[in-house]
file structure-v2.txt (compact mmCIF, C-alpha atoms)
# COMPACT_ATOMS: atom_id res chain seq x y z
CA MET D 23 73.94 243.54 -38.43
CA VAL D 24 72.92 247.18 -38.21
CA ALA D 25 72.41 248.82 -34.85
CA GLN D 26 68.85 250.01 -35.37
CA GLU D 27 67.59 246.42 -35.53
CA ASN D 28 68.42 245.86 -31.86
CA LYS D 29 65.05 247.01 -30.54
CA HIS D 30 63.28 244.53 -32.85
CA ARG D 31 65.77 241.74 -32.29
CA PRO D 32 64.60 238.82 -30.13
CA ASP D 33 66.69 237.69 -27.20
CA ALA D 34 69.16 235.08 -28.47
CA LEU D 35 68.83 233.19 -25.18
CA GLN D 36 65.08 232.64 -25.55
CA PRO D 37 64.39 228.88 -25.21
CA LYS D 38 62.48 228.82 -28.53
CA ILE D 39 65.39 230.48 -30.34
CA LEU D 40 67.94 228.12 -28.80
CA SER D 41 65.74 225.10 -29.61
CA LEU D 42 65.43 226.14 -33.26
CA ALA D 43 69.19 226.72 -33.55
CA ASN D 44 69.85 223.30 -32.02
CA THR D 45 67.33 221.63 -34.35
CA LEU D 46 69.00 223.20 -37.38
CA GLY D 47 72.44 222.11 -36.17
CA ILE D 48 73.64 225.67 -35.66
CA GLU D 49 76.54 226.21 -33.29
CA ALA D 50 77.08 229.91 -32.77
CA GLU D 51 77.76 232.21 -29.82
CA ASP D 52 74.66 234.18 -30.77
CA ALA D 53 71.74 231.99 -31.88
CA VAL D 54 69.91 234.82 -33.67
CA THR D 55 72.95 235.71 -35.78
CA GLY D 56 73.58 232.03 -36.38
CA ILE D 57 70.05 231.43 -37.70
CA ARG D 58 70.17 234.52 -39.91
CA ASP D 59 73.49 233.39 -41.39
CA TYR D 60 72.12 229.86 -41.80
CA CYS D 61 69.12 231.10 -43.82
CA ALA D 62 71.32 233.25 -46.07
CA MET D 63 73.58 230.26 -46.70
CA GLN D 64 70.57 228.06 -47.49
CA VAL D 65 69.41 230.56 -50.10
CA GLN D 66 72.90 230.59 -51.61
CA LYS D 67 72.72 226.79 -51.86
CA LEU D 68 69.20 226.84 -53.31
CA ILE D 69 70.15 229.21 -56.14
CA ARG D 70 73.39 227.42 -56.96
CA GLY D 71 73.58 226.95 -60.72
CA ALA D 72 70.86 229.52 -61.37
CA SER D 73 72.48 232.69 -60.04
CA ARG D 74 73.24 234.10 -63.52
CA SER D 75 69.56 234.12 -64.42
CA ILE D 76 68.57 235.94 -61.22
CA LYS D 77 68.42 239.69 -61.84
CA ASN D 78 65.93 240.85 -59.21
CA ILE D 79 63.96 239.71 -56.18
CA ARG D 80 61.17 238.17 -58.27
CA ASP D 81 63.68 235.92 -60.00
CA LEU D 82 65.17 234.98 -56.63
CA GLN D 83 61.75 234.17 -55.17
CA THR D 84 60.87 231.99 -58.16
CA VAL D 85 64.03 229.90 -57.93
CA VAL D 86 63.96 229.59 -54.13
CA CYS D 87 60.30 228.53 -54.05
CA GLU D 88 60.78 226.02 -56.86
CA ARG D 89 63.66 224.35 -55.05
CA LEU D 90 61.84 224.36 -51.72
CA ASN D 91 58.81 222.71 -53.39
CA LEU D 92 56.85 225.76 -52.19
CA THR D 93 53.86 227.10 -54.10
CA VAL D 94 52.73 230.62 -53.18
CA HIS D 95 49.11 231.68 -53.70
CA GLU D 96 48.10 235.33 -53.27
CA ILE D 97 44.51 235.86 -52.10
CA TRP D 98 42.99 239.11 -53.41
CA SER D 99 39.30 238.32 -52.83
CA ASP D 100 36.99 235.96 -50.98
CA HIS D 101 36.44 234.21 -54.29
CA ASP D 102 40.19 233.54 -54.58
CA LEU D 103 40.11 231.98 -51.13
CA GLU D 104 37.19 229.73 -52.03
CA GLN D 105 39.02 228.51 -55.13
CA ILE D 106 42.17 227.66 -53.18
CA VAL D 107 40.17 225.70 -50.61
CA LYS D 108 38.46 223.71 -53.40
CA MET D 109 41.79 223.07 -55.10
CA TYR D 110 43.41 221.37 -52.10
CA VAL D 111 40.81 220.30 -49.54
CA GLU D 112 40.11 216.86 -51.00
CA THR D 113 43.70 215.71 -50.50
CA ASP D 114 44.64 217.94 -47.55
CA SER D 115 41.71 218.54 -45.20
CA VAL D 116 43.64 221.21 -43.28
CA PHE D 117 42.69 223.67 -46.06
CA ALA D 118 39.13 223.64 -44.71
CA TYR D 119 40.43 225.82 -41.85
CA LEU D 120 41.66 228.57 -44.17
CA PRO D 121 38.59 230.87 -44.02
CA LYS D 122 38.85 230.93 -40.21
CA ASP D 123 42.64 230.99 -40.15
CA LEU D 124 42.84 234.13 -42.26
CA ASP D 125 41.25 236.46 -39.73
CA ALA D 126 41.90 240.20 -39.39
CA ASN D 127 45.22 239.65 -37.61
CA THR D 128 46.62 236.87 -39.81
CA TYR D 129 48.48 237.71 -42.99
CA GLY D 130 49.32 234.28 -44.29
CA VAL D 131 49.32 230.53 -43.73
CA LEU D 132 52.06 228.02 -44.51
CA ILE D 133 50.91 224.41 -44.98
CA ARG D 134 52.96 221.27 -45.43
CA LEU D 135 51.11 218.99 -47.82
CA ASN D 136 50.57 215.28 -47.26
CA ARG D 137 52.86 214.39 -50.14
CA ARG D 138 56.48 214.64 -51.09
CA ILE D 139 58.29 215.68 -54.24
CA GLY D 140 61.28 213.39 -54.31
CA ARG D 141 62.62 213.13 -50.75
CA ASN D 142 61.16 216.43 -49.55
CA TYR D 143 57.69 217.59 -48.57
CA ALA D 144 55.66 219.91 -50.78
CA TRP D 145 54.48 223.18 -49.25
CA VAL D 146 51.80 225.77 -49.97
CA ALA D 147 51.89 229.37 -48.74
CA ILE D 148 48.68 231.40 -48.72
CA VAL D 149 49.37 235.16 -48.72
CA ASP D 150 46.36 237.29 -47.79
CA CYS D 151 46.36 240.44 -49.95
CA ARG D 152 42.78 241.48 -49.27
CA GLY D 153 42.22 245.08 -48.19
CA ASP D 154 45.09 246.76 -46.37
CA LYS D 155 46.92 243.45 -46.08
CA ARG D 156 48.09 243.93 -49.65
CA HIS D 157 50.69 246.41 -48.40
CA ARG D 158 52.41 243.61 -46.52
CA GLY D 159 52.10 240.93 -49.22
CA PHE D 160 55.76 241.05 -50.29
CA PHE D 161 56.97 240.76 -46.72
CA THR D 162 54.47 238.00 -45.85
CA THR D 163 55.71 235.91 -48.76
CA TRP D 164 59.31 236.09 -47.56
CA HIS D 165 58.20 235.48 -43.99
CA GLU D 166 56.64 232.21 -45.16
CA ILE D 167 59.72 231.29 -47.18
CA VAL D 168 61.80 231.66 -44.01
CA HIS D 169 59.43 229.40 -42.10
CA CYS D 170 59.79 226.85 -44.88
CA ILE D 171 63.62 227.06 -44.87
CA THR D 172 63.75 226.51 -41.10
CA ALA D 173 61.08 223.78 -41.01
CA ALA D 174 63.33 220.71 -40.89
CA ASP D 175 61.59 217.34 -40.71
CA GLN D 176 62.22 217.09 -36.98
CA TYR D 177 60.91 220.63 -36.41
CA GLU D 178 57.24 219.76 -36.92
CA LEU D 179 54.63 222.42 -37.45
CA PRO D 180 51.43 221.96 -35.42
CA PHE D 181 48.85 220.31 -37.70
CA HIS D 182 51.37 220.84 -40.53
CA ARG D 183 50.53 224.52 -40.75
CA THR D 184 51.64 227.79 -39.22
CA LEU D 185 49.83 231.13 -39.19
CA ILE D 186 51.71 234.31 -40.03
CA GLY D 187 50.34 237.28 -38.17
CA ASN D 188 51.16 240.14 -35.85
CA LYS D 189 52.81 238.38 -32.90
CA PRO D 190 55.39 240.84 -31.52
CA SER D 191 55.79 238.88 -28.29
CA ASP D 192 56.68 235.59 -30.01
CA PRO D 193 60.49 235.33 -30.32
CA ILE D 194 60.31 233.00 -33.32
CA GLU D 195 58.01 235.35 -35.23
CA ARG D 196 60.25 238.32 -34.45
CA LEU D 197 63.27 236.33 -35.62
CA VAL D 198 61.51 235.29 -38.82
CA ASP D 199 60.62 238.94 -39.43
CA LEU D 200 64.32 239.83 -39.26
CA VAL D 201 65.31 237.03 -41.63
CA ALA D 202 62.49 237.92 -44.04
CA GLY D 203 63.94 241.43 -44.18
CA ASP D 204 67.38 239.95 -44.89
CA LEU D 205 66.21 237.70 -47.70
CA GLY D 206 63.59 240.00 -49.21
CA PHE D 207 66.44 242.42 -49.94
CA PHE D 208 69.06 239.70 -50.47
CA ASP D 209 72.34 241.52 -50.07
CA PRO D 210 74.39 239.90 -52.87
CA LEU D 211 71.71 241.00 -55.34
CA PHE D 212 70.39 244.17 -53.71
CA ARG D 213 73.61 245.97 -52.83
CA PRO D 214 75.01 246.22 -56.39
CA HIS D 215 71.78 247.92 -57.54
CA LEU D 216 71.96 250.30 -54.59
CA ASP D 217 75.67 251.12 -54.86
CA GLN D 218 75.40 251.83 -58.57
CA LEU D 219 72.47 254.21 -58.23
CA ILE D 220 73.89 256.04 -55.19
CA ALA D 221 77.19 256.53 -57.04
CA LYS D 222 75.34 257.95 -60.03
CA ALA D 223 73.18 260.30 -57.92
CA GLY D 224 75.93 261.28 -55.49
CA ALA D 225 73.83 260.47 -52.39
CA LEU D 226 70.81 258.50 -51.28
CA ASP D 227 67.53 260.34 -51.86
CA PHE D 228 63.92 259.45 -52.59
CA ALA D 229 64.51 259.23 -56.33
CA VAL D 230 67.25 256.65 -55.78
CA VAL D 231 64.97 254.63 -53.48
CA GLU D 232 62.23 254.56 -56.12
CA GLN D 233 64.71 253.57 -58.82
CA VAL D 234 66.00 250.72 -56.65
CA ARG D 235 62.44 249.59 -55.89
CA THR D 236 61.43 249.67 -59.57
CA ALA D 237 64.51 247.78 -60.76
CA PHE D 238 64.92 245.25 -57.97
CA CYS D 239 61.83 244.81 -55.80
CA PRO D 240 58.69 246.37 -57.34
CA ASP D 241 56.42 244.31 -55.06
CA ALA D 242 57.97 245.78 -51.92
CA SER D 243 56.56 248.91 -50.32
CA PHE D 244 58.38 252.21 -50.73
CA GLU D 245 59.04 252.42 -47.00
CA ALA D 246 60.42 248.88 -46.78
CA THR D 247 62.73 249.64 -49.70
CA LEU D 248 63.77 252.92 -48.08
CA ASN D 249 64.63 251.13 -44.83
CA ALA D 250 66.71 248.57 -46.77
CA CYS D 251 68.54 251.30 -48.68
CA VAL D 252 69.39 253.18 -45.49
CA THR D 253 70.68 250.14 -43.61
CA ARG D 254 72.75 248.84 -46.54
CA ALA D 255 74.26 252.12 -47.77
CA THR D 256 78.01 252.26 -47.22
CA THR D 257 77.98 256.02 -46.59
CA PRO D 258 76.41 257.56 -43.43
CA VAL D 259 72.64 257.91 -43.73
CA LEU D 260 69.90 258.69 -41.21
CA PHE D 261 66.21 258.26 -42.02
CA LEU D 262 63.59 259.87 -39.80
CA LYS D 263 59.86 260.25 -39.56
CA ALA D 264 58.36 263.45 -38.15
CA ALA D 265 54.80 264.29 -37.13
CA MET D 266 52.81 266.59 -34.85
CA ILE D 267 53.26 264.96 -31.44
CA LEU D 268 53.80 265.90 -27.79
CA LYS D 269 57.03 265.60 -25.84
CA THR D 270 57.36 262.42 -23.80
CA ALA D 271 56.67 264.24 -20.53
CA GLU D 272 53.71 266.10 -22.02
CA GLN D 273 52.17 262.89 -23.33
CA ALA D 274 52.64 261.22 -19.94
CA ALA D 275 50.90 264.14 -18.26
CA VAL D 276 47.99 263.99 -20.71
CA ASP D 277 47.64 260.25 -20.15
CA SER D 278 47.81 260.57 -16.38
CA PRO D 279 44.51 259.88 -14.55
CA GLN D 280 45.30 262.87 -12.31
CA THR D 281 45.06 265.33 -15.20
CA GLU D 282 41.38 266.00 -14.58
CA PHE D 283 42.19 267.40 -11.10
CA PHE D 284 44.34 270.20 -12.53
CA HIS D 285 42.84 272.95 -14.61
CA VAL D 286 45.78 273.74 -16.90
CA PRO D 287 45.81 274.27 -20.66
CA ALA D 288 46.48 271.11 -22.63
CA PRO D 289 49.93 271.09 -24.28
CA ARG D 290 50.01 271.68 -28.01
CA PRO D 291 51.63 269.11 -30.33
CA GLN D 292 54.62 270.30 -32.32
CA LEU D 293 56.46 268.83 -35.28
CA ARG D 294 58.84 266.34 -33.71
CA ILE D 295 60.86 263.23 -34.52
CA VAL D 296 58.71 260.10 -34.31
CA SER D 297 61.40 257.53 -35.12
CA THR D 298 64.84 257.22 -36.70
CA ILE D 299 66.90 254.57 -38.47
CA ARG D 300 70.61 255.01 -39.08
CA ASN D 301 73.17 252.71 -40.62
CA ASP D 302 76.46 251.61 -39.12
CA ALA D 303 78.40 254.35 -40.90
CA ALA D 304 76.11 257.02 -39.41
CA ARG D 305 76.41 255.48 -35.95
CA GLN D 306 80.22 255.48 -36.16
CA LEU D 307 80.18 259.12 -37.27
CA GLY D 308 77.85 260.11 -34.45
CA LEU D 309 75.01 261.19 -36.74
CA HIS D 310 71.99 260.94 -34.46
CA ILE D 311 68.77 262.81 -33.69
CA PRO D 312 66.83 261.50 -30.67
CA PRO D 313 63.10 260.72 -30.88
CA HIS D 314 60.72 263.56 -29.92
CA PHE D 315 63.32 266.22 -30.80
CA ARG D 316 61.57 269.32 -32.14
CA ILE D 317 61.97 270.17 -35.85
CA PRO D 318 63.08 273.79 -36.46
CA ARG D 319 60.59 275.86 -38.45
CA ARG D 320 63.22 276.76 -41.02
CA SER D 321 64.16 273.13 -41.66
CA VAL D 322 63.38 271.49 -44.99
CA ILE D 323 61.41 268.95 -42.94
CA ALA D 324 59.04 271.63 -41.64
CA GLN D 325 58.67 273.06 -45.14
CA ALA D 326 57.73 269.61 -46.45
CA PHE D 327 55.18 269.14 -43.67
CA ASN D 328 53.47 272.40 -44.64
CA SER D 329 53.41 271.43 -48.32
CA ASP D 330 51.00 269.24 -50.26
CA VAL D 331 51.07 265.49 -49.59
CA GLY D 332 53.49 263.70 -51.87
CA LEU D 333 55.52 266.80 -52.80
CA MET D 334 59.10 265.67 -53.23
CA MET D 335 61.83 268.12 -52.30
CA SER D 336 64.43 266.31 -54.40
CA SER D 337 67.07 269.08 -54.29
CA GLY D 338 66.90 269.32 -50.49
CA ALA D 339 69.01 271.81 -48.58
CA PRO D 340 72.06 271.98 -46.32
CA GLU D 341 71.47 272.41 -42.60
CA GLN D 342 73.57 272.72 -39.46
CA LEU D 343 72.40 270.27 -36.80
CA SER D 344 73.66 272.49 -33.99
CA SER D 345 70.88 274.95 -34.94
CA TRP D 346 68.34 272.31 -33.85
CA THR D 347 67.59 273.21 -30.24
CA THR D 348 65.11 272.29 -27.53
CA SER D 349 63.02 274.76 -25.54
CA ALA D 350 65.59 274.33 -22.76
CA GLY D 351 68.39 275.42 -25.09
CA THR D 352 69.96 272.00 -25.63
CA SER D 353 71.26 271.55 -29.18
CA LEU D 354 72.46 268.70 -31.35
CA ARG D 355 76.14 268.24 -32.11
CA SER D 356 77.70 270.46 -34.74
CA MET D 357 77.47 268.76 -38.13
CA ARG D 358 76.64 270.06 -41.59
CA VAL D 359 74.12 267.78 -43.27
CA HIS D 360 72.04 267.58 -46.42
CA VAL D 361 68.33 267.03 -45.85
CA VAL D 362 65.68 265.86 -48.31
CA ALA D 363 62.10 265.50 -47.11
CA ARG D 364 58.76 264.32 -48.42
CA LYS D 365 55.29 264.34 -46.88
CA PHE D 366 53.30 261.09 -46.60
CA GLY D 367 49.88 261.61 -45.09
CA GLU D 368 50.36 263.33 -41.73
CA GLN D 369 54.03 262.39 -41.51
CA VAL D 370 57.22 263.59 -43.14
CA PHE D 371 59.99 261.22 -44.21
CA ALA D 372 63.46 262.73 -44.30
CA ILE D 373 66.83 261.41 -45.43
CA ILE D 374 69.82 263.08 -43.81
CA THR D 375 73.40 262.68 -45.02
CA PRO D 376 76.52 264.49 -43.77
CA LEU D 377 78.26 267.12 -45.90
CA ASN D 378 82.01 267.46 -46.15
CA SER D 379 83.29 270.38 -44.13

call {"tool": "encode", "arguments": {"input": "structure-v2.txt", "output": "structure tokens"}}
result
Amino acid sequence: MVAQENKHRPDALQPKILSLANTLGIEAEDAVTGIRDYCAMQVQKLIRGASRSIKNIRDLQTVVCERLNLTVHEIWSDHDLEQIVKMYVETDSVFAYLPKDLDANTYGVLIRLNRRIGRNYAWVAIVDCRGDKRHRGFFTTWHEIVHCITAADQYELPFHRTLIGNKPSDPIERLVDLVAGDLGFFDPLFRPHLDQLIAKAGALDFAVVEQVRTAFCPDASFEATLNACVTRATTPVLFLKAAMILKTAEQAAVDSPQTEFFHVPAPRPQLRIVSTIRNDAARQLGLHIPPHFRIPRRSVIAQAFNSDVGLMMSSGAPEQLSSWTTSAGTSLRSMRVHVVARKFGEQVFAIITPLNS
């Protein structure tokens, strides 16, 4: 697994994680890795005999859901929600809770129906795509598929339903998020698309990301596809976001309740690194830019920030990382890199790859 996932990775020794691993019959030194591997193996089993007909993530989702007895309904309006409730509520009264379940912080609901298809239960996943939730629809669907894969008969869901929402403190939800990312960009299918397009272009850039998204996962967001491309590329790649922010110390001073006692000018935000993701190859090479590092004015990233939103600098430019310095004179390690950058709203996305000396 790639290094940048560590900060989002739940503790493998969490009782809930260990209990789930035990329920699924997983014996592994690391329960999180064991569950992720288990889910990937289950998908391989589910698509057995149909793999030749699976060309993209939509095909994979169709086959997996069919063999899990899982029906997915996307809700795009209140009317859609009303129709789904009417469709199921007579046989499964739990659907009466849907309007309340799907509050502002809940993206989906997974329900085990009171009937079986053959030996296995039938399931229904409700994916809320109303308003801004539509941006997460692809990910919510795979999140629910993971819950279904790991919901063995003895691992009962409360009231036969589970709510999918923003629960960063819940170790199971964080784990399911990781697995959803694995399966939504299922490596045996995704990597050949990526490798072929990177080889053709010569390096990963925004055009390659969009081509991968169009061909393989058109329902996924551009940023989710970009993250998947970065983490799965075999060559060193670093992806960063930059915006006008304060240094850590400056932000702490601004937030301090003692600030009002000192009459000093407020610090001015500068274009700095907000976050970074790098793949294993980049980590091994030592390609790294720490968060809050200031972007040089002559960098392609700064040029993109000062351009119109959405302008793609597809040709990019070479840069020397040692020319990136702090106000104290500290600089990054010496490394020639190629930088492409694009502005999204008030942020800049940049893809950085090393150049041969």

call {"tool": "closest_residue", "arguments": {"input": "structure-v2.txt", "among": "D:Asp227, D:Glu195, D:Asp204, D:Glu245", "to": "D:Tyr60", "atoms": "all atoms listed in the file"}}
result
D:Asp204

call {"tool": "closest_residue", "arguments": {"input": "structure-v2.txt", "among": "D:Glu51, D:Asp217, D:Asp199, D:Asp81", "to": "D:Thr162", "atoms": "only C-alpha atoms"}}
result
D:Asp199

call {"tool": "closest_residue", "arguments": {"input": "structure-v2.txt", "among": "D:Val231, D:Val146, D:Val361, D:Ile167", "to": "D:Met109", "atoms": "only C-alpha atoms"}}
result
D:Val146

call {"tool": "atom_distance", "arguments": {"input": "structure-v2.txt", "atom1": "atom CA of D:Asn136", "atom2": "atom CA of D:Asp114"}}
result
6.5 Å

call {"tool": "residues_around", "arguments": {"input": "structure-v2.txt", "residues": "D:Arg294", "least_positions_apart": "5", "cutoff": "8 Å", "atoms": "only C-alpha atoms", "output": "ChimeraX atom specification"}}
result
/D:264-268,313-317

call {"tool": "atom_distance", "arguments": {"input": "structure-v2.txt", "atom1": "atom CA of D:Gly338", "atom2": "atom CA of D:Arg305"}}
result
22.2 Å

call {"tool": "atom_distance", "arguments": {"input": "structure-v2.txt", "atom1": "atom CA of D:Ser41", "atom2": "atom CA of D:Val131"}}
result
22.3 Å

call {"tool": "residues_near_point", "arguments": {"input": "structure-v2.txt", "point": "(58.2, 215.4, -48.4)", "cutoff": "12 Å", "atoms": "all atoms listed in the file", "output": "list in words"}}
result
Leu90, Asn91, Leu92, Arg134, Leu135, Asn136, Arg137, Arg138, Ile139, Gly140, Arg141, Asn142, Tyr143, Ala144, Trp145, Ala173, Ala174, Asp175 and His182 of chain D

call {"tool": "write_last_selection", "arguments": {"input": "structure-v2.txt", "atoms": "C-alpha atoms", "output": "mmCIF file, in the frame of the given file"}}
result
data_model
loop_
_atom_site.group_PDB
_atom_site.id
_atom_site.type_symbol
_atom_site.label_atom_id
_atom_site.label_comp_id
_atom_site.auth_asym_id
_atom_site.auth_seq_id
_atom_site.Cartn_x
_atom_site.Cartn_y
_atom_site.Cartn_z
ATOM 1 C CA LEU D 90 61.840 224.360 -51.720
ATOM 2 C CA ASN D 91 58.810 222.710 -53.390
ATOM 3 C CA LEU D 92 56.850 225.760 -52.190
ATOM 4 C CA ARG D 134 52.960 221.270 -45.430
ATOM 5 C CA LEU D 135 51.110 218.990 -47.820
ATOM 6 C CA ASN D 136 50.570 215.280 -47.260
ATOM 7 C CA ARG D 137 52.860 214.390 -50.140
ATOM 8 C CA ARG D 138 56.480 214.640 -51.090
ATOM 9 C CA ILE D 139 58.290 215.680 -54.240
ATOM 10 C CA GLY D 140 61.280 213.390 -54.310
ATOM 11 C CA ARG D 141 62.620 213.130 -50.750
ATOM 12 C CA ASN D 142 61.160 216.430 -49.550
ATOM 13 C CA TYR D 143 57.690 217.590 -48.570
ATOM 14 C CA ALA D 144 55.660 219.910 -50.780
ATOM 15 C CA TRP D 145 54.480 223.180 -49.250
ATOM 16 C CA ALA D 173 61.080 223.780 -41.010
ATOM 17 C CA ALA D 174 63.330 220.710 -40.890
ATOM 18 C CA ASP D 175 61.590 217.340 -40.710
ATOM 19 C CA HIS D 182 51.370 220.840 -40.530
#

call {"tool": "residues_near_point", "arguments": {"input": "structure-v2.txt", "point": "(70.9, 273.8, -39.4)", "cutoff": "10 Å", "atoms": "all atoms listed in the file", "output": "PDB file with C-alpha atoms, keeping the file's coordinate frame"}}
result
ATOM      1  CA  PRO D 318      63.080 273.790 -36.460  1.00  0.00           C
ATOM      2  CA  ARG D 320      63.220 276.760 -41.020  1.00  0.00           C
ATOM      3  CA  SER D 321      64.160 273.130 -41.660  1.00  0.00           C
ATOM      4  CA  VAL D 322      63.380 271.490 -44.990  1.00  0.00           C
ATOM      5  CA  ALA D 339      69.010 271.810 -48.580  1.00  0.00           C
ATOM      6  CA  PRO D 340      72.060 271.980 -46.320  1.00  0.00           C
ATOM      7  CA  GLU D 341      71.470 272.410 -42.600  1.00  0.00           C
ATOM      8  CA  GLN D 342      73.570 272.720 -39.460  1.00  0.00           C
ATOM      9  CA  LEU D 343      72.400 270.270 -36.800  1.00  0.00           C
ATOM     10  CA  SER D 344      73.660 272.490 -33.990  1.00  0.00           C
ATOM     11  CA  SER D 345      70.880 274.950 -34.940  1.00  0.00           C
ATOM     12  CA  TRP D 346      68.340 272.310 -33.850  1.00  0.00           C
ATOM     13  CA  THR D 347      67.590 273.210 -30.240  1.00  0.00           C
ATOM     14  CA  LEU D 354      72.460 268.700 -31.350  1.00  0.00           C
ATOM     15  CA  SER D 356      77.700 270.460 -34.740  1.00  0.00           C
ATOM     16  CA  MET D 357      77.470 268.760 -38.130  1.00  0.00           C
ATOM     17  CA  ARG D 358      76.640 270.060 -41.590  1.00  0.00           C
ATOM     18  CA  VAL D 359      74.120 267.780 -43.270  1.00  0.00           C
ATOM     19  CA  HIS D 360      72.040 267.580 -46.420  1.00  0.00           C
ATOM     20  CA  VAL D 361      68.330 267.030 -45.850  1.00  0.00           C
TER      21      VAL D 361
END

call {"tool": "axis_aligned_box", "arguments": {"input": "structure-v2.txt", "around": "stretch 103-109 of chain D", "padding_each_side": "3 Å", "output": "JSON"}}
result
{"center_x": 39.7, "center_y": 227.5, "center_z": -52.9, "size_x": 11.0, "size_y": 14.9, "size_z": 10.5}

call {"tool": "closest_residue", "arguments": {"input": "structure-v2.txt", "among": "D:Leu200, D:Ala225, D:Ala350, D:Ala242", "to": "D:Pro376", "atoms": "only C-alpha atoms"}}
result
D:Ala225

call {"tool": "closest_residue", "arguments": {"input": "structure-v2.txt", "among": "D:His169, D:His95, D:Arg70, D:His157", "to": "D:Phe244", "atoms": "all atoms listed in the file"}}
result
D:His157

call {"tool": "closest_residue", "arguments": {"input": "structure-v2.txt", "among": "D:Thr172, D:Asn328, D:Thr236, D:Thr375", "to": "D:Phe261", "atoms": "all atoms listed in the file"}}
result
D:Thr375
